[in-house]
Each structure stands twice: as structure tokens, then as C-alpha cells.
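A.B. asks: Dropping in upload.txt, with compact mmCIF, N, CA and C atoms.
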```txt
# COMPACT_ATOMS: atom_id res chain seq x y z
N GLN A 21 52.18 126.92 148.19
CA GLN A 21 52.64 126.38 146.91
C GLN A 21 53.57 125.20 147.17
N VAL A 22 53.50 124.22 146.28
CA VAL A 22 54.28 123.00 146.41
C VAL A 22 55.27 122.90 145.26
N GLN A 23 56.49 122.57 145.58
CA GLN A 23 57.50 122.32 144.56
C GLN A 23 57.96 120.88 144.66
N LEU A 24 58.04 120.24 143.51
CA LEU A 24 58.56 118.87 143.42
C LEU A 24 59.71 118.87 142.43
N VAL A 25 60.81 118.27 142.83
CA VAL A 25 61.99 118.24 141.96
C VAL A 25 62.46 116.80 141.84
N GLU A 26 62.40 116.28 140.60
CA GLU A 26 62.86 114.92 140.33
C GLU A 26 64.34 114.94 139.94
N SER A 27 64.99 113.84 140.22
CA SER A 27 66.38 113.66 139.80
C SER A 27 66.65 112.18 139.66
N GLY A 28 67.78 111.86 139.03
CA GLY A 28 68.20 110.47 138.94
C GLY A 28 68.00 109.82 137.58
N GLY A 29 67.40 110.53 136.65
CA GLY A 29 67.24 109.95 135.33
C GLY A 29 68.55 109.88 134.58
N GLY A 30 68.50 109.22 133.42
CA GLY A 30 69.71 109.11 132.61
C GLY A 30 69.57 108.06 131.54
N LEU A 31 70.71 107.72 130.96
CA LEU A 31 70.78 106.70 129.91
C LEU A 31 71.35 105.43 130.51
N VAL A 32 70.68 104.32 130.28
CA VAL A 32 71.12 103.04 130.82
C VAL A 32 70.85 101.95 129.81
N GLN A 33 71.65 100.92 129.82
CA GLN A 33 71.42 99.79 128.94
C GLN A 33 70.29 98.91 129.48
N ALA A 34 69.65 98.20 128.59
CA ALA A 34 68.62 97.25 128.99
C ALA A 34 69.16 96.29 130.04
N GLY A 35 68.36 96.05 131.06
CA GLY A 35 68.79 95.20 132.16
C GLY A 35 69.41 95.97 133.31
N GLY A 36 69.69 97.24 133.09
CA GLY A 36 70.31 98.06 134.12
C GLY A 36 69.31 98.63 135.10
N SER A 37 69.81 99.48 136.00
CA SER A 37 68.98 100.04 137.07
C SER A 37 69.19 101.54 137.17
N LEU A 38 68.18 102.20 137.64
CA LEU A 38 68.24 103.61 137.99
C LEU A 38 67.38 103.84 139.23
N ARG A 39 67.74 104.85 140.00
CA ARG A 39 66.93 105.24 141.15
C ARG A 39 66.53 106.70 141.00
N LEU A 40 65.26 106.92 140.89
CA LEU A 40 64.74 108.28 140.79
C LEU A 40 64.38 108.80 142.18
N SER A 41 64.59 110.08 142.36
CA SER A 41 64.22 110.75 143.61
C SER A 41 63.31 111.92 143.29
N CYS A 42 62.42 112.23 144.23
CA CYS A 42 61.54 113.37 144.08
C CYS A 42 61.46 114.06 145.44
N ALA A 43 61.98 115.26 145.50
CA ALA A 43 61.99 116.01 146.75
C ALA A 43 60.88 117.05 146.73
N GLY A 44 60.08 117.05 147.78
CA GLY A 44 58.97 117.98 147.88
C GLY A 44 59.27 119.10 148.87
N SER A 45 58.77 120.28 148.57
CA SER A 45 58.94 121.41 149.48
C SER A 45 57.78 122.38 149.31
N GLY A 46 57.67 123.24 150.28
CA GLY A 46 56.61 124.25 150.26
C GLY A 46 56.34 124.72 151.67
N ARG A 47 56.05 125.97 151.80
CA ARG A 47 55.95 126.55 153.14
C ARG A 47 54.86 125.87 153.97
N THR A 48 53.76 125.49 153.33
CA THR A 48 52.67 124.86 154.07
C THR A 48 52.45 123.41 153.64
N PHE A 49 53.42 122.87 152.95
CA PHE A 49 53.27 121.51 152.41
C PHE A 49 53.77 120.51 153.43
N SER A 50 52.85 119.64 153.85
CA SER A 50 53.21 118.59 154.79
C SER A 50 53.32 117.28 154.02
N PHE A 51 54.53 117.00 153.58
CA PHE A 51 54.78 115.85 152.70
C PHE A 51 54.25 114.56 153.28
N SER A 52 54.41 114.37 154.57
CA SER A 52 54.08 113.10 155.19
C SER A 52 52.58 112.81 155.22
N THR A 53 51.74 113.76 154.84
CA THR A 53 50.29 113.55 154.88
C THR A 53 49.67 113.46 153.49
N TYR A 54 50.49 113.24 152.47
CA TYR A 54 49.97 113.12 151.11
C TYR A 54 50.44 111.84 150.44
N THR A 55 49.52 111.25 149.71
CA THR A 55 49.86 110.13 148.85
C THR A 55 50.66 110.66 147.65
N MET A 56 51.68 109.92 147.29
CA MET A 56 52.55 110.32 146.18
C MET A 56 52.48 109.30 145.05
N GLY A 57 52.65 109.80 143.84
CA GLY A 57 52.63 108.91 142.69
C GLY A 57 53.76 109.21 141.72
N TRP A 58 54.13 108.20 140.98
CA TRP A 58 55.06 108.34 139.85
C TRP A 58 54.30 108.03 138.57
N PHE A 59 54.50 108.86 137.58
CA PHE A 59 53.93 108.69 136.26
C PHE A 59 55.06 108.75 135.23
N ARG A 60 54.76 108.33 134.03
CA ARG A 60 55.72 108.48 132.93
C ARG A 60 54.98 108.78 131.64
N GLN A 61 55.71 109.42 130.75
CA GLN A 61 55.13 109.76 129.46
C GLN A 61 56.18 109.57 128.38
N ALA A 62 55.89 108.66 127.47
CA ALA A 62 56.76 108.41 126.33
C ALA A 62 56.28 109.27 125.17
N PRO A 63 57.17 109.54 124.21
CA PRO A 63 56.79 110.38 123.06
C PRO A 63 55.57 109.82 122.35
N GLY A 64 54.59 110.68 122.11
CA GLY A 64 53.40 110.29 121.38
C GLY A 64 52.40 109.48 122.17
N LYS A 65 52.67 109.31 123.47
CA LYS A 65 51.76 108.52 124.32
C LYS A 65 51.22 109.37 125.45
N GLU A 66 50.12 108.90 126.04
CA GLU A 66 49.56 109.60 127.18
C GLU A 66 50.39 109.31 128.44
N ARG A 67 50.27 110.22 129.38
CA ARG A 67 50.95 110.03 130.66
C ARG A 67 50.28 108.86 131.38
N GLU A 68 51.10 107.95 131.90
CA GLU A 68 50.55 106.77 132.54
C GLU A 68 51.06 106.62 133.97
N PHE A 69 50.20 106.07 134.80
CA PHE A 69 50.55 105.77 136.18
C PHE A 69 51.59 104.66 136.22
N VAL A 70 52.59 104.84 137.06
CA VAL A 70 53.63 103.82 137.24
C VAL A 70 53.54 103.20 138.63
N ALA A 71 53.53 104.06 139.65
CA ALA A 71 53.54 103.55 141.02
C ALA A 71 52.99 104.62 141.96
N GLY A 72 52.48 104.17 143.10
CA GLY A 72 51.97 105.11 144.09
C GLY A 72 52.13 104.55 145.48
N MET A 73 52.20 105.47 146.45
CA MET A 73 52.38 105.06 147.83
C MET A 73 51.61 106.00 148.73
N PRO A 74 50.66 105.47 149.51
CA PRO A 74 49.90 106.33 150.42
C PRO A 74 50.76 106.88 151.54
N TRP A 75 50.24 107.93 152.16
CA TRP A 75 50.97 108.50 153.28
C TRP A 75 50.69 107.73 154.56
N ILE A 76 49.58 106.96 154.57
CA ILE A 76 49.07 106.42 155.81
C ILE A 76 49.71 105.10 156.21
N ASP A 77 50.27 104.37 155.22
CA ASP A 77 50.91 103.10 155.55
C ASP A 77 51.96 102.79 154.50
N ASP A 78 52.50 101.59 154.52
CA ASP A 78 53.57 101.22 153.61
C ASP A 78 53.08 100.44 152.39
N SER A 79 51.80 100.51 152.12
CA SER A 79 51.30 99.81 150.94
C SER A 79 51.81 100.49 149.67
N THR A 80 51.93 99.71 148.62
CA THR A 80 52.43 100.23 147.35
C THR A 80 51.56 99.71 146.22
N TYR A 81 51.50 100.47 145.15
CA TYR A 81 50.67 100.15 144.00
C TYR A 81 51.50 100.36 142.74
N TYR A 82 51.33 99.44 141.78
CA TYR A 82 52.12 99.49 140.55
C TYR A 82 51.25 99.15 139.35
N THR A 83 51.62 99.72 138.22
CA THR A 83 51.03 99.25 136.99
C THR A 83 51.63 97.89 136.66
N ASP A 84 50.87 97.07 135.96
CA ASP A 84 51.30 95.69 135.76
C ASP A 84 52.66 95.56 135.08
N SER A 85 52.96 96.45 134.17
CA SER A 85 54.18 96.31 133.38
C SER A 85 55.46 96.51 134.19
N VAL A 86 55.35 97.06 135.39
CA VAL A 86 56.56 97.30 136.19
C VAL A 86 56.59 96.46 137.47
N LYS A 87 55.55 95.71 137.73
CA LYS A 87 55.52 94.90 138.94
C LYS A 87 56.68 93.92 138.96
N GLY A 88 57.34 93.83 140.10
CA GLY A 88 58.49 92.95 140.23
C GLY A 88 59.80 93.57 139.78
N ARG A 89 59.74 94.72 139.13
CA ARG A 89 60.96 95.39 138.66
C ARG A 89 61.16 96.75 139.33
N PHE A 90 60.09 97.46 139.60
CA PHE A 90 60.16 98.79 140.20
C PHE A 90 59.70 98.74 141.65
N THR A 91 60.29 99.60 142.46
CA THR A 91 59.89 99.71 143.86
C THR A 91 59.77 101.18 144.24
N ILE A 92 58.62 101.56 144.75
CA ILE A 92 58.42 102.91 145.25
C ILE A 92 58.62 102.91 146.76
N SER A 93 59.24 103.96 147.26
CA SER A 93 59.43 104.11 148.69
C SER A 93 59.45 105.59 149.02
N ARG A 94 59.36 105.89 150.31
CA ARG A 94 59.37 107.30 150.69
C ARG A 94 60.09 107.46 152.01
N ASP A 95 60.71 108.61 152.17
CA ASP A 95 61.36 108.98 153.42
C ASP A 95 60.73 110.30 153.84
N ASN A 96 59.77 110.23 154.76
CA ASN A 96 59.04 111.44 155.14
C ASN A 96 59.94 112.45 155.85
N ALA A 97 60.96 111.96 156.52
CA ALA A 97 61.88 112.88 157.19
C ALA A 97 62.65 113.74 156.21
N LYS A 98 62.82 113.22 155.00
CA LYS A 98 63.54 113.96 153.95
C LYS A 98 62.59 114.53 152.91
N ASN A 99 61.28 114.37 153.11
CA ASN A 99 60.29 114.86 152.14
C ASN A 99 60.58 114.33 150.74
N THR A 100 60.94 113.08 150.66
CA THR A 100 61.38 112.52 149.38
C THR A 100 60.70 111.18 149.11
N VAL A 101 60.31 110.99 147.85
CA VAL A 101 59.80 109.72 147.39
C VAL A 101 60.77 109.19 146.32
N TYR A 102 60.96 107.90 146.31
CA TYR A 102 61.93 107.27 145.40
C TYR A 102 61.23 106.27 144.48
N LEU A 103 61.88 106.02 143.36
CA LEU A 103 61.45 104.95 142.47
C LEU A 103 62.70 104.19 142.04
N GLN A 104 62.88 103.01 142.61
CA GLN A 104 63.98 102.14 142.23
C GLN A 104 63.53 101.32 141.03
N MET A 105 64.28 101.42 139.95
CA MET A 105 63.90 100.75 138.71
C MET A 105 65.00 99.75 138.35
N ASN A 106 64.66 98.48 138.35
CA ASN A 106 65.60 97.42 138.00
C ASN A 106 65.13 96.71 136.74
N SER A 107 66.04 95.96 136.16
CA SER A 107 65.72 95.19 134.94
C SER A 107 65.03 96.07 133.90
N LEU A 108 65.61 97.21 133.67
CA LEU A 108 64.97 98.17 132.77
C LEU A 108 64.92 97.64 131.34
N LYS A 109 63.86 98.04 130.66
CA LYS A 109 63.62 97.62 129.28
C LYS A 109 63.52 98.86 128.39
N PRO A 110 63.78 98.72 127.11
CA PRO A 110 63.64 99.88 126.22
C PRO A 110 62.26 100.52 126.29
N GLU A 111 61.23 99.74 126.55
CA GLU A 111 59.87 100.29 126.63
C GLU A 111 59.64 101.10 127.89
N ASP A 112 60.59 101.11 128.81
CA ASP A 112 60.51 101.98 129.98
C ASP A 112 60.98 103.40 129.68
N THR A 113 61.51 103.60 128.49
CA THR A 113 61.98 104.92 128.10
C THR A 113 60.84 105.94 128.12
N ALA A 114 61.04 107.02 128.87
CA ALA A 114 59.99 108.03 129.03
C ALA A 114 60.52 109.15 129.92
N VAL A 115 59.75 110.21 130.00
CA VAL A 115 59.98 111.22 131.03
C VAL A 115 59.16 110.79 132.25
N TYR A 116 59.81 110.75 133.38
CA TYR A 116 59.18 110.29 134.62
C TYR A 116 58.88 111.51 135.49
N TYR A 117 57.66 111.51 136.03
CA TYR A 117 57.18 112.61 136.86
C TYR A 117 56.71 112.09 138.21
N CYS A 118 56.95 112.85 139.26
CA CYS A 118 56.29 112.56 140.53
C CYS A 118 55.17 113.58 140.72
N ALA A 119 54.20 113.21 141.54
CA ALA A 119 53.03 114.06 141.71
C ALA A 119 52.38 113.83 143.06
N VAL A 120 51.67 114.84 143.51
CA VAL A 120 50.96 114.80 144.79
C VAL A 120 49.48 114.52 144.53
N TYR A 121 48.96 113.52 145.23
CA TYR A 121 47.56 113.14 145.07
C TYR A 121 46.75 113.75 146.20
N TRP A 122 45.69 114.49 145.82
CA TRP A 122 44.85 115.14 146.81
C TRP A 122 43.77 114.23 147.39
N GLY A 123 43.37 113.24 146.61
CA GLY A 123 42.06 112.63 146.81
C GLY A 123 41.91 111.62 147.94
N GLY A 124 42.96 111.32 148.65
CA GLY A 124 42.78 110.34 149.71
C GLY A 124 44.02 109.51 149.92
N THR A 125 43.83 108.26 150.32
CA THR A 125 44.97 107.42 150.64
C THR A 125 45.40 106.57 149.45
N ARG A 126 44.48 105.76 148.93
CA ARG A 126 44.86 104.89 147.82
C ARG A 126 45.12 105.74 146.59
N PRO A 127 46.30 105.62 145.96
CA PRO A 127 46.63 106.49 144.83
C PRO A 127 45.76 106.21 143.61
N SER A 128 45.34 107.27 142.96
CA SER A 128 44.60 107.16 141.72
C SER A 128 45.55 106.87 140.57
N THR A 129 45.06 106.16 139.56
CA THR A 129 45.86 105.92 138.37
C THR A 129 45.63 106.99 137.31
N SER A 130 44.75 107.93 137.59
CA SER A 130 44.45 109.00 136.64
C SER A 130 45.25 110.24 136.97
N SER A 131 45.98 110.73 135.98
CA SER A 131 46.83 111.90 136.21
C SER A 131 46.02 113.14 136.55
N SER A 132 44.76 113.18 136.14
CA SER A 132 43.93 114.36 136.40
C SER A 132 43.61 114.53 137.88
N ASN A 133 43.84 113.51 138.67
CA ASN A 133 43.55 113.57 140.10
C ASN A 133 44.74 114.03 140.93
N TYR A 134 45.81 114.39 140.28
CA TYR A 134 47.02 114.83 140.98
C TYR A 134 47.18 116.33 140.85
N ALA A 135 47.50 116.95 141.97
CA ALA A 135 47.45 118.40 142.03
C ALA A 135 48.75 119.08 141.65
N TYR A 136 49.86 118.53 142.05
CA TYR A 136 51.16 119.16 141.80
C TYR A 136 52.08 118.16 141.14
N TRP A 137 52.91 118.69 140.24
CA TRP A 137 53.81 117.86 139.45
C TRP A 137 55.22 118.44 139.46
N GLY A 138 56.18 117.53 139.36
CA GLY A 138 57.54 117.96 139.14
C GLY A 138 57.78 118.25 137.66
N GLN A 139 59.01 118.64 137.34
CA GLN A 139 59.34 119.01 135.97
C GLN A 139 59.66 117.79 135.11
N GLY A 140 59.87 116.66 135.74
CA GLY A 140 60.16 115.43 135.02
C GLY A 140 61.65 115.18 134.87
N THR A 141 61.98 113.90 134.76
CA THR A 141 63.37 113.50 134.52
C THR A 141 63.36 112.42 133.44
N GLN A 142 64.26 112.55 132.48
CA GLN A 142 64.29 111.65 131.33
C GLN A 142 64.98 110.35 131.69
N VAL A 143 64.34 109.25 131.35
CA VAL A 143 64.93 107.92 131.46
C VAL A 143 64.97 107.32 130.06
N THR A 144 66.17 106.95 129.63
CA THR A 144 66.35 106.34 128.32
C THR A 144 67.03 105.00 128.48
N VAL A 145 66.40 103.96 127.97
CA VAL A 145 66.94 102.61 128.08
C VAL A 145 67.29 102.14 126.67
N SER A 146 68.55 101.86 126.46
CA SER A 146 69.01 101.41 125.15
C SER A 146 69.01 99.89 125.08
N SER A 147 68.77 99.40 123.88
CA SER A 147 68.70 97.93 123.70
C SER A 147 70.06 97.36 123.36
```
Output the structure of this file as C-alpha cells.

C.D. replies:
Amino acid sequence: QVQLVESGGGLVQAGGSLRLSCAGSGRTFSFSTYTMGWFRQAPGKEREFVAGMPWIDDSTYYTDSVKGRFTISRDNAKNTVYLQMNSLKPEDTAVYYCAVYWGGTRPSTSSSNYAYWGQGTQVTVSS
């Protein structure tokens, strides 16, 4: 079984920054061999892909709306993936989730392809 725990959310003014963390654990879970993704879900909207990072190299993938503002990174020694969010906008307000992707190296943008999810952390950006 895999457990993912997100932290770092909160209330911030537009233009501010937050850093989200997601710590993975599990008796047979080898964090360093899985692609990780960040998703978000705003009220009344579907869950959307935000960023992803394969286990095999340092490549990163982002949805267009966050490119140049968000940075995904991972520390395999700490079983943790991060999402640095800068220049936040009110439209970034959502619950943010991290997830484990089973399907290979390049992260999928479809939430249905992710096997394990954290409980989510709320990010609220005020205007």
C-alpha cells in the first residue's frame, strides 16, 4: 500500500508563492522508480493535470497555464516531490493533489492513469 501526504498549502495574495510537498511511503513502495504528478481541482471543475516528473530523468512537464511560474522537483532520498508555485493568480485556487503514475516514464495528463493519491492540500489565492 502507498501513502501520499501533501503539505504546504495555504492562503496567499496574488503574486505570492507557495511550496507544496508530497511525501510518499509504503512498505513495498519504491518512490524513486515511479513518475509523479501534481493535479488540482477547483470547485465545480474537473481535476486537471498541473505538472509531472518522470523517475528516469530530470525532465518536467507542465500544463500551459502554469509554465514559467510553477516548478516540479523531487528528492528521491526523501521520497518527496515538490511543487514550487510563484506568481500565483486567483485562478490557481484549488485543492492540489499529488499522485503516482503507473504507466511508464512520461507522465499522463489524465487523472484516471494515476494509481495512488494524497488527501490534497488547499491553495487559496486572494486578489

A.B. asks: Rank nothing, just name the residue among A:Asp77, A:Ser85, A:Gly57, A:Asn99 nearest to Ser128 of chain A, using all atoms listed in the file.

C.D. replies: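 With all atoms listed in the file as the atom set, the closest residue is A:Gly57.
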
A.B. asks: Give me, please, the distance in Å between atom C of Ser52 of chain A and atom CA of Arg39 of chain A, quoted to one decimal.

C.D. replies: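 Value for the atom C of Ser52 of chain A-atom CA of Arg39 of chain A distance: 21.5 Å.
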
A.B. asks: If we count all atoms listed in the file, what is near segment 26-32 of chain A at a cut-off of 5 Å, once residues fewer than 2 positions away on the same chain are taken out, given as a PyMOL selection string?

C.D. replies: chain A and resi 24+34+39-42+141-146

A.B. asks: Keeping only N, CA and C atoms, take the residues you just selected and write them out as a CSV table (one decimal), in the coordinates of the input.

C.D. replies:
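To be explicit, this is the file written out as result-v4.csv:
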```csv
chain,number,residue,atom,x,y,z
A,24,LEU,N,58.0,120.2,143.5
A,24,LEU,CA,58.6,118.9,143.4
A,24,LEU,C,59.7,118.9,142.4
A,34,ALA,N,69.6,98.2,128.6
A,34,ALA,CA,68.6,97.2,129.0
A,34,ALA,C,69.2,96.3,130.0
A,39,ARG,N,67.7,104.8,140.0
A,39,ARG,CA,66.9,105.2,141.2
A,39,ARG,C,66.5,106.7,141.0
A,40,LEU,N,65.3,106.9,140.9
A,40,LEU,CA,64.7,108.3,140.8
A,40,LEU,C,64.4,108.8,142.2
A,41,SER,N,64.6,110.1,142.4
A,41,SER,CA,64.2,110.8,143.6
A,41,SER,C,63.3,111.9,143.3
A,42,CYS,N,62.4,112.2,144.2
A,42,CYS,CA,61.5,113.4,144.1
A,42,CYS,C,61.5,114.1,145.4
A,141,THR,N,62.0,113.9,134.8
A,141,THR,CA,63.4,113.5,134.5
A,141,THR,C,63.4,112.4,133.4
A,142,GLN,N,64.3,112.6,132.5
A,142,GLN,CA,64.3,111.6,131.3
A,142,GLN,C,65.0,110.4,131.7
A,143,VAL,N,64.3,109.2,131.4
A,143,VAL,CA,64.9,107.9,131.5
A,143,VAL,C,65.0,107.3,130.1
A,144,THR,N,66.2,107.0,129.6
A,144,THR,CA,66.4,106.3,128.3
A,144,THR,C,67.0,105.0,128.5
A,145,VAL,N,66.4,104.0,128.0
A,145,VAL,CA,66.9,102.6,128.1
A,145,VAL,C,67.3,102.1,126.7
A,146,SER,N,68.6,101.9,126.5
A,146,SER,CA,69.0,101.4,125.2
A,146,SER,C,69.0,99.9,125.1
```

A.B. asks: Measuring between all atoms listed in the file, which one of A:Ser147, A:Ala71, A:Thr113, A:Val120 shows the shortest distance to Tyr134 of chain A?

C.D. replies: A:Val120

A.B. asks: Counting all atoms listed in the file, find the residues whose atoms lie at most 8 Å from (47.5, 110.5, 136.9) (file coordinates) and write them out as a PyMOL selection string.

C.D. replies: chain A and resi 57-59+67-70+128-134

A.B. asks: I'd like to know which of A:Arg89, A:Arg47, A:Arg126, A:Arg94 is closest to Asp112 of chain A, using only C-alpha atoms.

C.D. replies: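 The answer is A:Arg89, which sits nearest to Asp112 of chain A.
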
A.B. asks: Show which residues sit within 6.5 Å of Val22 of chain A, as a list of chain:residue names. Count all atoms listed in the file, and ignore same-chain residues fewer than 5 positions away.

C.D. replies: A:Ser45, A:Gly46, A:Arg47, A:Phe49

A.B. asks: (52.8, 98.8, 142.0) in this file's frame - what residues fall within 6 Å of it? Use all atoms listed in the file and give the answer as JSON, numbers by chain.

C.D. replies: {"A": [70, 71, 72, 80, 81, 82, 83, 87]}

A.B. asks: Let me see the file: selected residues, N, CA and C atoms, as a compact mmCIF listing (two decimals), in the frame of the given file.

C.D. replies:
```txt
# COMPACT_ATOMS: atom_id res chain seq x y z
N VAL A 70 52.59 104.84 137.06
CA VAL A 70 53.63 103.82 137.24
C VAL A 70 53.54 103.20 138.63
N ALA A 71 53.53 104.06 139.65
CA ALA A 71 53.54 103.55 141.02
C ALA A 71 52.99 104.62 141.96
N GLY A 72 52.48 104.17 143.10
CA GLY A 72 51.97 105.11 144.09
C GLY A 72 52.13 104.55 145.48
N THR A 80 51.93 99.71 148.62
CA THR A 80 52.43 100.23 147.35
C THR A 80 51.56 99.71 146.22
N TYR A 81 51.50 100.47 145.15
CA TYR A 81 50.67 100.15 144.00
C TYR A 81 51.50 100.36 142.74
N TYR A 82 51.33 99.44 141.78
CA TYR A 82 52.12 99.49 140.55
C TYR A 82 51.25 99.15 139.35
N THR A 83 51.62 99.72 138.22
CA THR A 83 51.03 99.25 136.99
C THR A 83 51.63 97.89 136.66
N LYS A 87 55.55 95.71 137.73
CA LYS A 87 55.52 94.90 138.94
C LYS A 87 56.68 93.92 138.96
```

A.B. asks: Mind the document's chain letters and residue numbers, and return as a compact mmCIF listing (two decimals) with N, CA and C atoms, in the frame of the given file the residues of segment 52-123 of chain A that DSSP labels helix (DSSP H, G or I).

C.D. replies:
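Written out: states_24.txt:
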```
# COMPACT_ATOMS: atom_id res chain seq x y z
N SER A 52 54.41 114.37 154.57
CA SER A 52 54.08 113.10 155.19
C SER A 52 52.58 112.81 155.22
N THR A 53 51.74 113.76 154.84
CA THR A 53 50.29 113.55 154.88
C THR A 53 49.67 113.46 153.49
N ASP A 84 50.87 97.07 135.96
CA ASP A 84 51.30 95.69 135.76
C ASP A 84 52.66 95.56 135.08
N SER A 85 52.96 96.45 134.17
CA SER A 85 54.18 96.31 133.38
C SER A 85 55.46 96.51 134.19
N VAL A 86 55.35 97.06 135.39
CA VAL A 86 56.56 97.30 136.19
C VAL A 86 56.59 96.46 137.47
N ASN A 96 59.77 110.23 154.76
CA ASN A 96 59.04 111.44 155.14
C ASN A 96 59.94 112.45 155.85
N ALA A 97 60.96 111.96 156.52
CA ALA A 97 61.88 112.88 157.19
C ALA A 97 62.65 113.74 156.21
N LYS A 98 62.82 113.22 155.00
CA LYS A 98 63.54 113.96 153.95
C LYS A 98 62.59 114.53 152.91
N PRO A 110 63.78 98.72 127.11
CA PRO A 110 63.64 99.88 126.22
C PRO A 110 62.26 100.52 126.29
N GLU A 111 61.23 99.74 126.55
CA GLU A 111 59.87 100.29 126.63
C GLU A 111 59.64 101.10 127.89
N ASP A 112 60.59 101.11 128.81
CA ASP A 112 60.51 101.98 129.98
C ASP A 112 60.98 103.40 129.68
```

A.B. asks: Step by step, gather every atom of segment 89-93 of chain A that the file lists, find the box along x, y and z that holds them, add 4 Å on each side, and finally give centre and edge lengths in Å to one decimal, as AutoDock Vina command-line options.

C.D. replies:
```
--center_x 59.8 --center_y 100.2 --center_z 143.8 --size_x 10.7 --size_y 18.9 --size_z 18.4
```

A.B. asks: State, in Å with one decimal place, the distance from atom N of Gly123 of chain A to atom N of Phe51 of chain A.

C.D. replies: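 One can read the atom N of Gly123 of chain A to atom N of Phe51 of chain A distance as 13.7 Å.
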
A.B. asks: One decimal, Å: what's the distance from atom CA of Lys65 of chain A over to atom CA of Gln21 of chain A, could you say?

C.D. replies: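 Spanning atom CA of Lys65 of chain A to atom CA of Gln21 of chain A is a straight-line distance of 28.8 Å.
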
A.B. asks: My list of candidates is A:Gly124, A:Tyr116, A:Gly88, A:Gln33. Which is closest to Ile76 of chain A when distances are computed with only N, CA and C atoms?

C.D. replies: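 Of the candidates, the smallest distance to Ile76 of chain A is held by A:Gly124.
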
A.B. asks: Which is closest to Gly138 of chain A among A:Trp122, A:Tyr102, A:Asn96, A:Tyr117, if we use all atoms listed in the file?

C.D. replies: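 For Gly138 of chain A, the nearest of the candidates is A:Tyr117.
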
A.B. asks: DSSP on the backbone: which residues in chain A end up as strand (DSSP E)? Give the answer as a PyMOL selection string.

C.D. replies: chain A and resi 23-27+30-33+38-45+55-61+68-73+81-82+90-95+100-105+114-121+134-137+141-146

A.B. asks: Using only N, CA and C atoms, pick whichever of A:Lys109, A:Ala114, A:Asp78, A:Tyr121 has the shortest atom-to-atom distance to Thr53 of chain A.

C.D. replies: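 Ranked by minimum distance to Thr53 of chain A, first place goes to A:Tyr121.
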
A.B. asks: Where atoms are missing, can you supply N, CA, C and O atoms for segment 118-129 of chain A and output the lot as a short mmCIF file (atom, residue, chain, number, x, y, z; two decimals), keeping the file's coordinate frame?

C.D. replies:
```cif
data_model
loop_
_atom_site.label_atom_id
_atom_site.label_comp_id
_atom_site.auth_asym_id
_atom_site.auth_seq_id
_atom_site.Cartn_x
_atom_site.Cartn_y
_atom_site.Cartn_z
N CYS A 118 56.95 112.85 139.26
CA CYS A 118 56.29 112.56 140.53
C CYS A 118 55.17 113.58 140.72
O CYS A 118 55.19 114.68 140.13
N ALA A 119 54.20 113.21 141.54
CA ALA A 119 53.03 114.06 141.71
C ALA A 119 52.38 113.83 143.06
O ALA A 119 52.52 112.76 143.66
N VAL A 120 51.67 114.84 143.51
CA VAL A 120 50.96 114.80 144.79
C VAL A 120 49.48 114.52 144.53
O VAL A 120 48.85 115.21 143.73
N TYR A 121 48.96 113.52 145.23
CA TYR A 121 47.56 113.14 145.07
C TYR A 121 46.75 113.75 146.20
O TYR A 121 47.07 113.56 147.38
N TRP A 122 45.69 114.49 145.82
CA TRP A 122 44.85 115.14 146.81
C TRP A 122 43.77 114.23 147.39
O TRP A 122 43.26 114.46 148.47
N GLY A 123 43.37 113.24 146.61
CA GLY A 123 42.06 112.63 146.81
C GLY A 123 41.91 111.62 147.94
O GLY A 123 40.83 111.08 148.10
N GLY A 124 42.96 111.32 148.65
CA GLY A 124 42.78 110.34 149.71
C GLY A 124 44.02 109.51 149.92
O GLY A 124 45.14 109.98 149.68
N THR A 125 43.83 108.26 150.32
CA THR A 125 44.97 107.42 150.64
C THR A 125 45.40 106.57 149.45
O THR A 125 46.53 106.65 148.99
N ARG A 126 44.48 105.76 148.93
CA ARG A 126 44.86 104.89 147.82
C ARG A 126 45.12 105.74 146.59
O ARG A 126 44.28 106.52 146.16
N PRO A 127 46.30 105.62 145.96
CA PRO A 127 46.63 106.49 144.83
C PRO A 127 45.76 106.21 143.61
O PRO A 127 45.47 105.07 143.29
N SER A 128 45.34 107.27 142.96
CA SER A 128 44.60 107.16 141.72
C SER A 128 45.55 106.87 140.57
O SER A 128 46.70 107.30 140.57
N THR A 129 45.06 106.16 139.56
CA THR A 129 45.86 105.92 138.37
C THR A 129 45.63 106.99 137.31
O THR A 129 46.26 106.96 136.26
#
```
